[in-house]
file data31.cif (mmCIF, C-alpha atoms and all ligand atoms)
data_query
loop_
_atom_site.label_atom_id
_atom_site.label_comp_id
_atom_site.auth_asym_id
_atom_site.auth_seq_id
_atom_site.Cartn_x
_atom_site.Cartn_y
_atom_site.Cartn_z
CA MET A 278 -128.61 113.56 13.51
CA ASN A 279 -130.67 116.66 12.78
CA PRO A 280 -128.66 118.39 10.04
CA ASP A 281 -129.30 121.79 11.67
CA PHE A 282 -126.92 120.82 14.45
CA GLU A 283 -124.12 120.44 11.90
CA LEU A 284 -123.99 124.22 11.91
CA TYR A 285 -122.22 124.13 15.22
CA ARG A 286 -119.65 121.49 14.41
CA LEU A 287 -116.57 121.61 12.24
CA ALA A 288 -116.14 118.92 9.60
CA ASP A 289 -113.80 116.03 10.39
CA GLU A 290 -111.40 117.38 7.74
CA HIS A 291 -111.16 120.65 9.68
CA ASN A 292 -110.40 118.86 12.93
CA ASP A 293 -107.82 116.64 11.22
CA LEU A 294 -106.24 119.68 9.63
CA ARG A 295 -106.00 121.41 13.03
CA GLU A 296 -104.25 118.39 14.50
CA ALA A 297 -101.78 118.23 11.63
CA VAL A 298 -100.96 121.96 11.72
CA ARG A 299 -100.69 121.98 15.50
CA ALA A 300 -98.22 119.09 15.45
CA LEU A 301 -96.13 120.77 12.77
CA ALA A 302 -96.27 124.17 14.50
CA GLU A 303 -95.19 122.79 17.87
CA LYS A 304 -92.35 120.77 16.39
CA GLU A 305 -91.03 122.99 13.61
CA ILE A 306 -92.12 126.56 14.38
CA ALA A 307 -92.45 127.03 18.15
CA PRO A 308 -88.75 126.28 18.88
CA TYR A 309 -87.69 129.33 16.80
CA ALA A 310 -90.42 131.79 17.77
CA ALA A 311 -88.56 133.54 20.59
CA GLU A 312 -85.32 133.63 18.58
CA CYS A 313 -86.97 135.17 15.50
CA ASP A 314 -88.55 137.80 17.74
CA GLU A 315 -85.32 138.53 19.59
CA GLN A 316 -83.19 138.70 16.44
CA GLU A 317 -85.93 140.32 14.32
CA ARG A 318 -85.27 137.76 11.61
CA TYR A 319 -87.55 136.12 9.08
CA PRO A 320 -88.84 132.74 10.31
CA ARG A 321 -87.15 130.75 7.56
CA GLU A 322 -87.70 127.48 9.46
CA ALA A 323 -91.42 128.20 9.54
CA PHE A 324 -91.50 129.04 5.85
CA ASP A 325 -89.71 125.80 4.98
CA ALA A 326 -91.93 123.73 7.24
CA LEU A 327 -95.16 125.34 6.04
CA SER A 328 -94.32 125.20 2.37
CA GLY A 329 -92.97 121.64 2.71
CA ALA A 330 -96.29 120.53 4.17
CA GLY A 331 -98.42 122.52 1.71
CA PHE A 332 -99.64 124.93 4.42
CA ALA A 333 -97.95 128.16 3.25
CA ALA A 334 -100.72 129.11 0.83
CA VAL A 335 -103.44 126.53 1.43
CA HIS A 336 -106.14 128.72 -0.07
CA VAL A 337 -104.77 128.59 -3.65
CA PRO A 338 -107.18 126.55 -5.81
CA GLU A 339 -106.11 123.16 -7.10
CA ALA A 340 -106.39 124.46 -10.67
CA TYR A 341 -103.30 126.59 -9.99
CA GLY A 342 -101.32 123.92 -8.17
CA GLY A 343 -102.63 124.69 -4.69
CA GLU A 344 -104.38 122.73 -1.97
CA GLY A 345 -107.74 124.36 -2.64
CA ALA A 346 -108.48 124.75 1.06
CA ASP A 347 -111.72 126.51 2.01
CA SER A 348 -111.74 129.73 4.03
CA VAL A 349 -112.37 128.01 7.37
CA SER A 350 -109.42 125.68 6.76
CA THR A 351 -107.22 128.65 5.90
CA CYS A 352 -108.24 130.31 9.17
CA ILE A 353 -107.45 127.12 11.10
CA VAL A 354 -103.95 126.99 9.59
CA ILE A 355 -103.32 130.65 10.48
CA GLU A 356 -104.78 130.22 13.97
CA GLU A 357 -102.66 127.18 14.79
CA VAL A 358 -99.45 128.78 13.56
CA ALA A 359 -100.24 132.02 15.42
CA ARG A 360 -100.79 130.01 18.61
CA VAL A 361 -97.03 129.46 18.70
CA CYS A 362 -95.64 132.27 16.50
CA ALA A 363 -97.63 135.23 15.21
CA SER A 364 -94.83 136.31 12.84
CA SER A 365 -94.89 132.91 11.13
CA SER A 366 -98.67 132.98 10.79
CA LEU A 367 -98.25 135.98 8.49
CA ILE A 368 -96.83 133.63 5.86
CA PRO A 369 -100.17 131.90 5.11
CA ALA A 370 -102.17 135.02 6.02
CA VAL A 371 -100.37 137.44 3.72
CA ASN A 372 -100.16 134.88 0.93
CA LYS A 373 -103.94 134.98 0.98
CA LEU A 374 -104.03 138.79 1.21
CA GLY A 375 -101.55 139.23 -1.64
CA THR A 376 -103.30 136.80 -3.98
CA MET A 377 -106.94 137.56 -3.15
CA PRO A 378 -107.18 140.53 -5.57
CA ILE A 379 -106.01 138.17 -8.33
CA LEU A 380 -108.41 135.41 -7.29
CA LEU A 381 -111.32 137.85 -7.12
CA SER A 382 -110.68 139.98 -10.20
CA GLY A 383 -107.66 138.74 -12.14
CA SER A 384 -107.65 137.32 -15.66
CA GLU A 385 -107.00 133.63 -16.23
CA GLU A 386 -103.55 134.54 -17.64
CA ILE A 387 -102.55 136.46 -14.52
CA LYS A 388 -103.75 133.63 -12.27
CA GLN A 389 -101.67 131.17 -14.28
CA GLN A 390 -98.67 133.46 -14.14
CA VAL A 391 -98.66 134.20 -10.39
CA LEU A 392 -100.44 131.57 -8.33
CA GLY A 393 -98.34 128.50 -9.13
CA SER A 394 -95.12 129.82 -7.62
CA ILE A 395 -96.96 130.77 -4.43
CA ALA A 396 -98.77 127.46 -4.15
CA SER A 397 -95.51 125.55 -4.63
CA GLY A 398 -93.75 127.51 -1.91
CA GLU A 399 -91.20 128.96 -4.32
CA THR A 400 -92.12 132.46 -3.13
CA THR A 401 -94.77 134.55 -1.35
CA ALA A 402 -97.13 137.37 -2.26
CA SER A 403 -97.63 140.73 -0.53
CA TYR A 404 -100.35 143.36 -0.68
CA ALA A 405 -99.59 147.04 -1.25
CA LEU A 406 -102.46 149.41 -0.50
CA SER A 407 -101.24 151.72 2.30
CA GLU A 408 -99.05 154.77 2.03
CA ARG A 409 -97.60 157.04 4.72
CA GLU A 410 -100.40 159.58 4.25
CA ALA A 411 -103.08 157.11 3.15
CA GLY A 412 -103.65 154.50 5.84
CA SER A 413 -107.26 154.45 7.04
CA ASP A 414 -108.10 156.82 4.18
CA ALA A 415 -106.77 154.35 1.66
CA ALA A 416 -108.42 155.99 -1.36
CA ASN A 417 -106.26 159.08 -0.80
CA MET A 418 -103.21 157.25 -2.19
CA LYS A 419 -100.66 159.11 -4.31
CA THR A 420 -98.97 156.24 -6.16
CA ARG A 421 -99.71 156.68 -9.86
CA ALA A 422 -99.78 154.37 -12.85
CA HIS A 423 -100.00 155.44 -16.50
CA ARG A 424 -100.02 153.68 -19.83
CA ASP A 425 -96.88 153.69 -21.96
CA GLY A 426 -97.63 151.84 -25.18
CA ASP A 427 -98.57 148.34 -24.10
CA ASP A 428 -96.99 148.74 -20.68
CA TRP A 429 -98.00 150.30 -17.37
CA VAL A 430 -95.55 152.57 -15.56
CA LEU A 431 -95.83 152.99 -11.78
CA ASN A 432 -94.43 155.77 -9.60
CA GLY A 433 -94.76 156.18 -5.84
CA THR A 434 -94.10 154.55 -2.49
CA LYS A 435 -96.15 152.04 -0.53
CA CYS A 436 -95.51 151.36 3.13
CA TRP A 437 -96.24 148.82 5.89
CA ILE A 438 -95.77 146.02 3.38
CA THR A 439 -95.81 142.74 5.28
CA ASN A 440 -93.14 140.34 4.04
CA GLY A 441 -91.80 143.15 1.83
CA GLY A 442 -88.42 142.06 0.50
CA GLU A 443 -89.28 138.37 1.00
CA SER A 444 -92.11 138.25 -1.53
CA SER A 445 -91.57 138.13 -5.27
CA TRP A 446 -95.14 139.18 -6.16
CA TYR A 447 -96.87 142.36 -4.99
CA THR A 448 -100.44 143.38 -5.69
CA VAL A 449 -100.31 147.14 -5.89
CA MET A 450 -103.13 149.68 -5.95
CA ALA A 451 -102.35 152.89 -7.87
CA VAL A 452 -104.24 155.90 -9.21
CA THR A 453 -104.80 155.69 -12.96
CA ASP A 454 -107.41 158.47 -13.23
CA PRO A 455 -106.94 161.18 -10.58
CA ASP A 456 -110.28 162.83 -11.42
CA LYS A 457 -112.34 159.81 -10.44
CA GLY A 458 -111.42 159.39 -6.74
CA PRO A 459 -111.78 155.78 -5.53
CA ASN A 460 -113.09 154.81 -8.98
CA GLY A 461 -109.86 156.05 -10.58
CA ILE A 462 -107.73 153.46 -8.76
CA SER A 463 -106.51 150.30 -10.47
CA ALA A 464 -104.83 147.14 -9.20
CA PHE A 465 -101.65 145.65 -10.65
CA VAL A 466 -99.27 142.79 -10.03
CA VAL A 467 -95.62 143.75 -9.78
CA HIS A 468 -92.71 141.32 -9.63
CA ALA A 469 -89.65 142.06 -7.50
CA ASP A 470 -87.49 141.81 -10.65
CA ASP A 471 -89.47 144.41 -12.59
CA PRO A 472 -87.30 147.43 -13.52
CA GLY A 473 -87.87 150.39 -11.20
CA PHE A 474 -89.03 148.28 -8.23
CA GLU A 475 -87.07 148.63 -5.02
CA VAL A 476 -87.53 147.53 -1.42
CA GLY A 477 -86.82 150.28 1.13
CA GLY A 478 -86.15 150.29 4.85
CA LYS A 479 -87.68 147.89 7.35
CA GLU A 480 -89.79 149.20 10.22
CA LYS A 481 -88.54 148.72 13.80
CA LYS A 482 -91.65 147.34 15.46
CA LEU A 483 -93.14 146.55 18.87
CA GLY A 484 -94.18 143.04 17.81
CA ILE A 485 -94.39 140.57 14.92
CA LYS A 486 -90.68 141.22 14.71
CA GLY A 487 -90.02 138.07 12.68
CA SER A 488 -92.15 139.35 9.86
CA PRO A 489 -90.45 142.09 7.83
CA THR A 490 -92.54 145.23 7.29
CA ALA A 491 -90.99 147.36 4.56
CA GLU A 492 -91.51 150.28 2.25
CA ILE A 493 -91.54 149.55 -1.46
CA HIS A 494 -90.65 152.13 -4.09
CA PHE A 495 -91.71 152.42 -7.72
CA THR A 496 -89.55 154.64 -9.91
CA ASP A 497 -90.82 154.47 -13.47
CA CYS A 498 -91.47 150.84 -12.64
CA THR A 499 -92.52 149.28 -15.92
CA ILE A 500 -94.72 146.20 -16.11
CA PRO A 501 -96.43 144.46 -19.03
CA GLY A 502 -99.92 145.71 -19.89
CA ASP A 503 -101.57 142.41 -18.97
CA ARG A 504 -100.49 142.73 -15.33
CA ILE A 505 -103.47 144.90 -14.50
CA ILE A 506 -105.97 143.10 -12.27
CA GLY A 507 -109.44 143.58 -13.73
CA GLU A 508 -110.50 146.71 -15.58
CA PRO A 509 -108.89 150.12 -14.98
CA GLY A 510 -110.74 151.93 -12.18
CA THR A 511 -111.86 148.78 -10.37
CA GLY A 512 -108.78 148.47 -8.14
CA PHE A 513 -110.18 150.11 -5.02
CA LYS A 514 -113.28 147.93 -5.02
CA THR A 515 -111.07 144.88 -5.52
CA ALA A 516 -108.92 146.04 -2.61
CA LEU A 517 -111.94 146.42 -0.31
CA ARG A 518 -113.50 143.14 -1.45
CA THR A 519 -110.15 141.52 -0.70
CA LEU A 520 -110.26 142.85 2.85
CA ASP A 521 -113.78 141.45 3.27
CA HIS A 522 -112.23 138.02 2.61
CA THR A 523 -109.03 138.49 4.60
CA ARG A 524 -110.16 140.29 7.76
CA PRO A 525 -111.37 136.90 9.04
CA THR A 526 -107.77 135.65 8.65
CA ILE A 527 -106.53 138.43 10.91
CA GLY A 528 -109.29 137.42 13.31
CA ALA A 529 -107.84 133.90 13.09
CA GLN A 530 -104.35 135.17 13.80
CA ALA A 531 -105.62 137.12 16.83
CA LEU A 532 -107.52 134.05 17.99
CA GLY A 533 -104.40 131.91 17.75
CA ILE A 534 -102.31 134.42 19.71
CA ALA A 535 -105.02 134.55 22.40
CA GLN A 536 -105.26 130.75 22.57
CA GLY A 537 -101.48 130.49 22.91
CA ALA A 538 -101.49 132.94 25.81
CA LEU A 539 -104.46 131.22 27.47
CA ASP A 540 -102.79 127.82 27.20
CA ALA A 541 -99.53 129.15 28.65
CA ALA A 542 -101.34 130.89 31.51
CA THR A 543 -103.48 127.83 32.30
CA ASP A 544 -100.37 125.67 32.63
CA TYR A 545 -98.51 128.28 34.65
CA VAL A 546 -101.15 128.89 37.32
CA LYS A 547 -101.24 125.17 38.10
CA GLU A 548 -97.47 125.16 38.70
CA ARG A 549 -96.91 128.52 40.34
CA LYS A 550 -97.27 128.34 44.13
CA GLN A 551 -97.89 131.26 46.48
CA PHE A 552 -99.21 131.11 50.03
CA ASP A 553 -98.33 127.37 49.91
CA THR A 554 -100.82 126.61 47.15
CA PRO A 555 -100.95 126.71 43.35
CA ILE A 556 -102.36 130.09 42.39
CA ALA A 557 -104.95 128.19 40.28
CA ASP A 558 -106.71 127.49 43.60
CA PHE A 559 -107.59 131.17 44.01
CA GLN A 560 -111.01 132.10 42.75
CA GLY A 561 -109.75 135.47 41.47
CA VAL A 562 -107.36 133.60 39.18
CA GLN A 563 -110.04 131.11 38.16
CA PHE A 564 -112.45 133.89 37.21
CA MET A 565 -109.76 135.56 35.09
CA LEU A 566 -109.06 132.30 33.25
CA ALA A 567 -112.76 131.61 32.75
CA ASP A 568 -113.35 135.05 31.24
CA MET A 569 -110.32 134.66 28.97
CA ALA A 570 -111.47 131.26 27.71
CA MET A 571 -115.06 132.43 27.26
CA LYS A 572 -113.98 135.32 25.06
CA VAL A 573 -111.54 133.20 23.06
CA GLU A 574 -114.36 130.76 22.33
CA ALA A 575 -116.73 133.56 21.28
CA ALA A 576 -114.04 134.98 18.99
CA ARG A 577 -113.50 131.54 17.47
CA HIS A 578 -117.18 131.28 16.58
CA MET A 579 -117.20 134.70 14.93
CA VAL A 580 -114.03 134.02 12.96
CA TYR A 581 -115.27 130.68 11.62
CA VAL A 582 -118.73 132.06 10.83
CA SER A 583 -117.22 134.99 8.92
CA ALA A 584 -114.91 132.62 7.02
CA ALA A 585 -117.77 130.24 6.22
CA ARG A 586 -119.90 133.09 4.92
CA ALA A 587 -117.02 134.29 2.73
CA GLU A 588 -116.58 130.74 1.46
CA ARG A 589 -120.25 130.51 0.57
CA GLY A 590 -119.77 133.62 -1.54
CA GLU A 591 -122.31 135.68 0.38
CA GLY A 592 -122.52 139.18 -1.02
CA ASN A 593 -122.56 141.38 2.04
CA LEU A 594 -119.48 140.38 4.01
CA GLY A 595 -118.53 143.84 5.27
CA PHE A 596 -120.20 143.63 8.66
CA ILE A 597 -119.28 140.09 9.65
CA SER A 598 -115.67 140.20 8.50
CA ALA A 599 -115.07 143.56 10.21
CA ALA A 600 -116.83 142.30 13.36
CA ALA A 601 -114.81 139.08 13.48
CA LYS A 602 -111.48 140.87 13.02
CA CYS A 603 -112.37 143.61 15.49
CA TYR A 604 -113.75 141.33 18.19
CA ALA A 605 -111.03 138.69 17.94
CA SER A 606 -108.24 141.27 18.03
CA ASP A 607 -109.74 143.11 21.02
CA VAL A 608 -110.02 139.73 22.75
CA ALA A 609 -106.40 138.92 21.85
CA MET A 610 -105.19 142.16 23.42
CA GLU A 611 -107.21 141.59 26.58
CA VAL A 612 -106.35 137.91 26.93
CA THR A 613 -102.62 138.35 26.33
CA THR A 614 -102.52 141.27 28.79
CA ASN A 615 -104.27 139.13 31.40
CA ALA A 616 -101.92 136.23 30.66
CA VAL A 617 -98.96 138.50 31.46
CA GLN A 618 -100.80 139.48 34.66
CA LEU A 619 -101.27 135.84 35.68
CA PHE A 620 -97.55 135.20 35.15
CA GLY A 621 -96.78 138.21 37.36
CA GLY A 622 -93.18 139.45 37.23
CA ALA A 623 -92.17 136.39 35.19
CA GLY A 624 -94.68 137.34 32.52
CA TYR A 625 -92.96 140.67 32.04
CA THR A 626 -89.70 138.98 31.09
CA ARG A 627 -88.62 137.32 27.86
CA ASP A 628 -88.15 134.03 29.72
CA PHE A 629 -91.79 133.24 28.95
CA PRO A 630 -93.72 133.67 25.69
CA VAL A 631 -96.62 135.74 27.00
CA GLU A 632 -94.88 139.11 26.75
CA ARG A 633 -94.16 138.40 23.07
CA MET A 634 -97.77 137.37 22.57
CA MET A 635 -98.97 140.60 24.18
CA ARG A 636 -96.73 142.66 21.87
CA ASP A 637 -97.81 140.62 18.86
CA ALA A 638 -101.50 140.93 19.72
CA LYS A 639 -101.38 144.71 19.48
CA ILE A 640 -100.91 144.80 15.72
CA THR A 641 -104.08 142.80 15.15
CA GLN A 642 -106.08 145.79 16.42
CA ILE A 643 -104.29 148.01 13.90
CA TYR A 644 -103.61 146.33 10.56
CA GLU A 645 -106.01 145.34 7.80
CA GLY A 646 -107.90 148.37 9.02
CA THR A 647 -107.76 149.77 12.56
CA ASN A 648 -110.53 148.62 14.85
CA GLN A 649 -111.95 152.14 14.57
CA ILE A 650 -112.26 151.57 10.80
CA GLN A 651 -113.86 148.16 11.47
CA ARG A 652 -116.46 149.86 13.66
CA MET A 653 -117.03 152.40 10.90
CA VAL A 654 -117.55 149.59 8.37
CA MET A 655 -119.96 147.86 10.76
CA ALA A 656 -121.91 151.06 11.46
CA ARG A 657 -122.16 151.91 7.75
CA SER A 658 -123.55 148.45 7.12
CA LEU A 659 -126.14 148.90 9.89
CA LEU A 660 -127.21 152.38 8.87
CA LYS A 661 -127.16 152.18 5.09
N1 LIG B 701 -116.48 145.84 -1.49
C1 LIG B 701 -116.63 146.39 -2.72
N2 LIG B 701 -116.81 147.73 -2.91
C2 LIG B 701 -116.85 148.50 -1.81
C3 LIG B 701 -116.71 147.99 -0.52
C4 LIG B 701 -116.53 146.59 -0.37
N3 LIG B 701 -116.39 146.04 0.83
N4 LIG B 701 -116.80 149.00 0.36
C5 LIG B 701 -116.99 150.12 -0.37
N5 LIG B 701 -117.02 149.81 -1.67
C6 LIG B 701 -117.18 150.72 -2.82
C7 LIG B 701 -118.20 151.80 -2.53
O1 LIG B 701 -119.51 151.36 -2.86
C8 LIG B 701 -117.72 152.93 -3.43
O2 LIG B 701 -118.10 152.68 -4.75
P1 LIG B 701 -119.04 153.72 -5.58
O3 LIG B 701 -118.31 155.03 -5.54
O4 LIG B 701 -119.11 153.14 -6.95
O5 LIG B 701 -120.34 153.75 -4.84
C9 LIG B 701 -116.20 152.78 -3.39
O6 LIG B 701 -115.95 151.41 -3.03
C10 LIG B 701 -115.55 153.69 -2.38
O7 LIG B 701 -116.13 153.37 -1.13
P2 LIG B 701 -116.27 154.45 0.03
O8 LIG B 701 -116.85 155.71 -0.52
O9 LIG B 701 -116.97 153.80 1.16
O10 LIG B 701 -114.74 154.72 0.35
P3 LIG B 701 -114.05 155.49 1.52
O11 LIG B 701 -112.96 156.30 0.94
O12 LIG B 701 -115.07 156.19 2.37
O13 LIG B 701 -113.32 154.33 2.34
C11 LIG B 701 -113.07 152.66 4.01
C12 LIG B 701 -113.92 153.26 2.88
C13 LIG B 701 -112.75 153.64 5.11
C14 LIG B 701 -113.93 151.53 4.54
C15 LIG B 701 -111.75 152.09 3.40
O14 LIG B 701 -110.91 153.14 2.97
C16 LIG B 701 -111.00 151.22 4.35
O15 LIG B 701 -111.34 150.05 4.55
N6 LIG B 701 -109.93 151.78 4.96
C17 LIG B 701 -109.03 150.99 5.73
C18 LIG B 701 -108.02 150.45 4.81
C19 LIG B 701 -107.31 149.31 5.40
O16 LIG B 701 -107.90 148.36 5.88
N7 LIG B 701 -105.99 149.39 5.34
C20 LIG B 701 -105.17 148.35 5.78
C21 LIG B 701 -104.32 147.99 4.63
S1 LIG B 701 -104.15 146.33 4.40
S2 LIG B 701 -102.86 145.81 5.74
#

call {"tool": "encode", "arguments": {"input": "data31.cif", "output": "structure tokens"}}
result
Amino acid sequence: MNPDFELYRLADEHNDLREAVRALAEKEIAPYAAECDEQERYPREAFDALSGAGFAAVHVPEAYGGEGADSVSTCIVIEEVARVCASSSLIPAVNKLGTMPILLSGSEEIKQQVLGSIASGETTASYALSEREAGSDAANMKTRAHRDGDDWVLNGTKCWITNGGESSWYTVMAVTDPDKGPNGISAFVVHADDPGFEVGGKEKKLGIKGSPTAEIHFTDCTIPGDRIIGEPGTGFKTALRTLDHTRPTIGAQALGIAQGALDAATDYVKERKQFDTPIADFQGVQFMLADMAMKVEAARHMVYVSAARAERGEGNLGFISAAAKCYASDVAMEVTTNAVQLFGGAGYTRDFPVERMMRDAKITQIYEGTNQIQRMVMARSLLK
């Protein structure tokens, strides 16, 4: 075969991985998805199933006890879990987000210290960049860190921390030199047992209700000096480079949610009869389904291409990772909304999963940078 055509085909390992994750997700995660949403409880069953199968943090390199999965594989895992339960898909997704600063910029010692317990499924990692008054304008953060002998001491509050309270490890961005703006921000790793670390209240959310979103507080939180990630002042760049690698994973989550809604709607319209015929016979319904599937497929291509380019270590990932996240999440919102429409009144009830999927889809347009920020990142890349 002409090797150029390989570009448009996933490797057999990727297809095998999809099959394995889909089987596990349908058997071990899907049955609890509605309950976790309804009760706003952590999807413990999903965590156990994912970590038992080695899928909770597939991206961790083998050198640190992980599976060493490539970026496309990681996206496939997230996509397949999100197809049945978006909250559960935040376990592999946020494990990647929380550890990526360490993988990109951390010392060998810090990698050895942190990554093993995440790869083994003993615990998870979270990422702490945002604050109440520093969301899109992330560099405007107020959390501070200063040296105290050999230690670092952190003070401040981070918010919107996915899996906050569940994770043991937190990568935290804090100002170490207030005069230097973004170049005065440093990245650290904090453990939940460190003195002065506290988990605050959980948000009451529209969707992804199974995934806790919490504030975390640092009150003279003291950590050993070697828990800085990279050099002082490089934390903001590490944080943004991290997002270049993880926005494709949010694209993958959005894609999975959209695929789940499309699959549910496709089955439903074949069953649901009106005017003595399955509503799938109506061309208006067929055109809706066709548009939904077309956009899901386009999103899938962008997500995998962005992940593959990140995996290849390409330097300028800003445009493609922002574009993949933005496009896939806009598609997820549109497709889940149309899935609810195809279900009609039934779709508006909690008897069917599409209303949950529609609520869950919304966050993908907001977190890891709003889609307005993604468009800003794309435009900057075009105009620079
Ligand atoms: N990788 C590495 N460095 C980057 C970078 C990237 N992708 N993007 C920008 N930088 C560098 C810049 O070159 C600049 O460095 P110098 O001062 O040495 O030139 C520095 O980082 C600051 O960049 P910039 O001036 O562009 O920062 P801004 O304050 O304008 O912010 C945006 C940039 C808006 C893109 C950033 O704040 C952002 O992504 N906000 C959204 C945050 C977000 O996604 N939050 C969700 C939290 S995670 S759930």

call {"tool": "residues_near_ligand", "arguments": {"input": "data31.cif", "ligand": "ligand LIG 701 (chain B)", "cutoff": "6 Å", "atoms": "only C-alpha atoms and all ligand atoms", "output": "VMD selection string"}}
result
chain A and resid 406 to 407 412 to 416 459 514 517 to 518 521 595 644 to 646 654

call {"tool": "closest_atom_pairs", "arguments": {"input": "data31.cif", "of": "region 529-557 of chain A", "to": "region 352-372 of chain A", "cutoff": "10 Å", "atoms": "all atoms listed in the file", "output": "JSON lines"}}
result
{"residue": "A:Ala529", "atom": "CA", "partner": "A:Glu356", "partner_atom": "CA", "distance": 4.9}
{"residue": "A:Gln530", "atom": "CA", "partner": "A:Glu356", "partner_atom": "CA", "distance": 5.0}
{"residue": "A:Ala531", "atom": "CA", "partner": "A:Glu356", "partner_atom": "CA", "distance": 7.5}
{"residue": "A:Leu532", "atom": "CA", "partner": "A:Glu356", "partner_atom": "CA", "distance": 6.2}
{"residue": "A:Gly533", "atom": "CA", "partner": "A:Glu356", "partner_atom": "CA", "distance": 4.2}
{"residue": "A:Ile534", "atom": "CA", "partner": "A:Arg360", "partner_atom": "CA", "distance": 4.8}
{"residue": "A:Ala535", "atom": "CA", "partner": "A:Arg360", "partner_atom": "CA", "distance": 7.3}
{"residue": "A:Gln536", "atom": "CA", "partner": "A:Arg360", "partner_atom": "CA", "distance": 6.0}
{"residue": "A:Gly537", "atom": "CA", "partner": "A:Arg360", "partner_atom": "CA", "distance": 4.4}
{"residue": "A:Ala538", "atom": "CA", "partner": "A:Arg360", "partner_atom": "CA", "distance": 7.8}
{"residue": "A:Leu539", "atom": "CA", "partner": "A:Arg360", "partner_atom": "CA", "distance": 9.7}
{"residue": "A:Asp540", "atom": "CA", "partner": "A:Arg360", "partner_atom": "CA", "distance": 9.1}

call {"tool": "closest_residue", "arguments": {"input": "data31.cif", "among": "A:Thr613, A:Ser444, A:Gln390, A:Thr496", "to": "Arg633 (chain A)", "atoms": "all atoms listed in the file"}}
result
A:Thr613

call {"tool": "closest_residue", "arguments": {"input": "data31.cif", "among": "A:Val430, A:Asp293, A:Ala576, A:Gly484", "to": "Glu315 (chain A)", "atoms": "all atoms listed in the file"}}
result
A:Gly484

call {"tool": "atom_distance", "arguments": {"input": "data31.cif", "atom1": "CA of Gly487 (chain A)", "atom2": "CA of Gly342 (chain A)"}}
result
27.6 Å

call {"tool": "residues_around", "arguments": {"input": "data31.cif", "residues": "Gly461 (chain A)", "least_positions_apart": "4", "cutoff": "6 Å", "atoms": "all atoms listed in the file", "output": "mmCIF file with C-alpha atoms, in the coordinates of the input"}}
result
data_model
loop_
_atom_site.group_PDB
_atom_site.id
_atom_site.type_symbol
_atom_site.label_atom_id
_atom_site.label_comp_id
_atom_site.auth_asym_id
_atom_site.auth_seq_id
_atom_site.Cartn_x
_atom_site.Cartn_y
_atom_site.Cartn_z
ATOM 1 C CA VAL A 452 -104.240 155.900 -9.210
ATOM 2 C CA THR A 453 -104.800 155.690 -12.960
ATOM 3 C CA ASP A 454 -107.410 158.470 -13.230
ATOM 4 C CA PRO A 455 -106.940 161.180 -10.580
ATOM 5 C CA LYS A 457 -112.340 159.810 -10.440
ATOM 6 C CA GLY A 510 -110.740 151.930 -12.180
#

call {"tool": "residues_around", "arguments": {"input": "data31.cif", "residues": "Met653 (chain A)", "least_positions_apart": "5", "cutoff": "10 Å", "atoms": "only C-alpha atoms", "output": "list in words"}}
result
Phe596, Ala599, Thr647, Asn648, Ser658 and Leu659 of chain A

call {"tool": "closest_residue", "arguments": {"input": "data31.cif", "among": "A:Leu619, A:Ala469, A:Ala585, A:Arg636", "to": "Ala288 (chain A)", "atoms": "all atoms listed in the file"}}
result
A:Ala585

call {"tool": "residues_around", "arguments": {"input": "data31.cif", "residues": "Glu305 (chain A)", "least_positions_apart": "4", "cutoff": "7 Å", "atoms": "all atoms listed in the file", "output": "list in words"}}
result
Leu301, Glu322, Ala323 and Ala326 of chain A

call {"tool": "build_atoms", "arguments": {"input": "data31.cif", "residues": "region 286-292 of chain A", "atoms": "N, CA, C and O atoms", "output": "PDB file, in the coordinates of the input"}}
result
ATOM      1  N   ARG A 286    -120.706 122.483  14.308  1.00  0.00           N
ATOM      2  CA  ARG A 286    -119.650 121.490  14.410  1.00  0.00           C
ATOM      3  C   ARG A 286    -118.770 121.614  13.173  1.00  0.00           C
ATOM      4  O   ARG A 286    -119.263 121.740  12.060  1.00  0.00           O
ATOM      5  N   LEU A 287    -117.472 121.587  13.385  1.00  0.00           N
ATOM      6  CA  LEU A 287    -116.570 121.610  12.240  1.00  0.00           C
ATOM      7  C   LEU A 287    -116.552 120.228  11.588  1.00  0.00           C
ATOM      8  O   LEU A 287    -116.787 119.216  12.250  1.00  0.00           O
ATOM      9  N   ALA A 288    -116.255 120.201  10.304  1.00  0.00           N
ATOM     10  CA  ALA A 288    -116.140 118.920   9.600  1.00  0.00           C
ATOM     11  C   ALA A 288    -114.920 118.159  10.125  1.00  0.00           C
ATOM     12  O   ALA A 288    -113.984 118.760  10.663  1.00  0.00           O
ATOM     13  N   ASP A 289    -114.942 116.843   9.955  1.00  0.00           N
ATOM     14  CA  ASP A 289    -113.800 116.030  10.390  1.00  0.00           C
ATOM     15  C   ASP A 289    -112.506 116.512   9.729  1.00  0.00           C
ATOM     16  O   ASP A 289    -111.447 116.516  10.349  1.00  0.00           O
ATOM     17  N   GLU A 290    -112.608 116.916   8.439  1.00  0.00           N
ATOM     18  CA  GLU A 290    -111.400 117.380   7.740  1.00  0.00           C
ATOM     19  C   GLU A 290    -110.806 118.603   8.449  1.00  0.00           C
ATOM     20  O   GLU A 290    -109.588 118.763   8.513  1.00  0.00           O
ATOM     21  N   HIS A 291    -111.668 119.465   8.978  1.00  0.00           N
ATOM     22  CA  HIS A 291    -111.160 120.650   9.680  1.00  0.00           C
ATOM     23  C   HIS A 291    -110.446 120.240  10.966  1.00  0.00           C
ATOM     24  O   HIS A 291    -109.379 120.774  11.288  1.00  0.00           O
ATOM     25  N   ASN A 292    -111.038 119.297  11.687  1.00  0.00           N
ATOM     26  CA  ASN A 292    -110.400 118.860  12.930  1.00  0.00           C
ATOM     27  C   ASN A 292    -109.077 118.136  12.651  1.00  0.00           C
ATOM     28  O   ASN A 292    -108.095 118.324  13.373  1.00  0.00           O
TER      29      ASN A 292
END
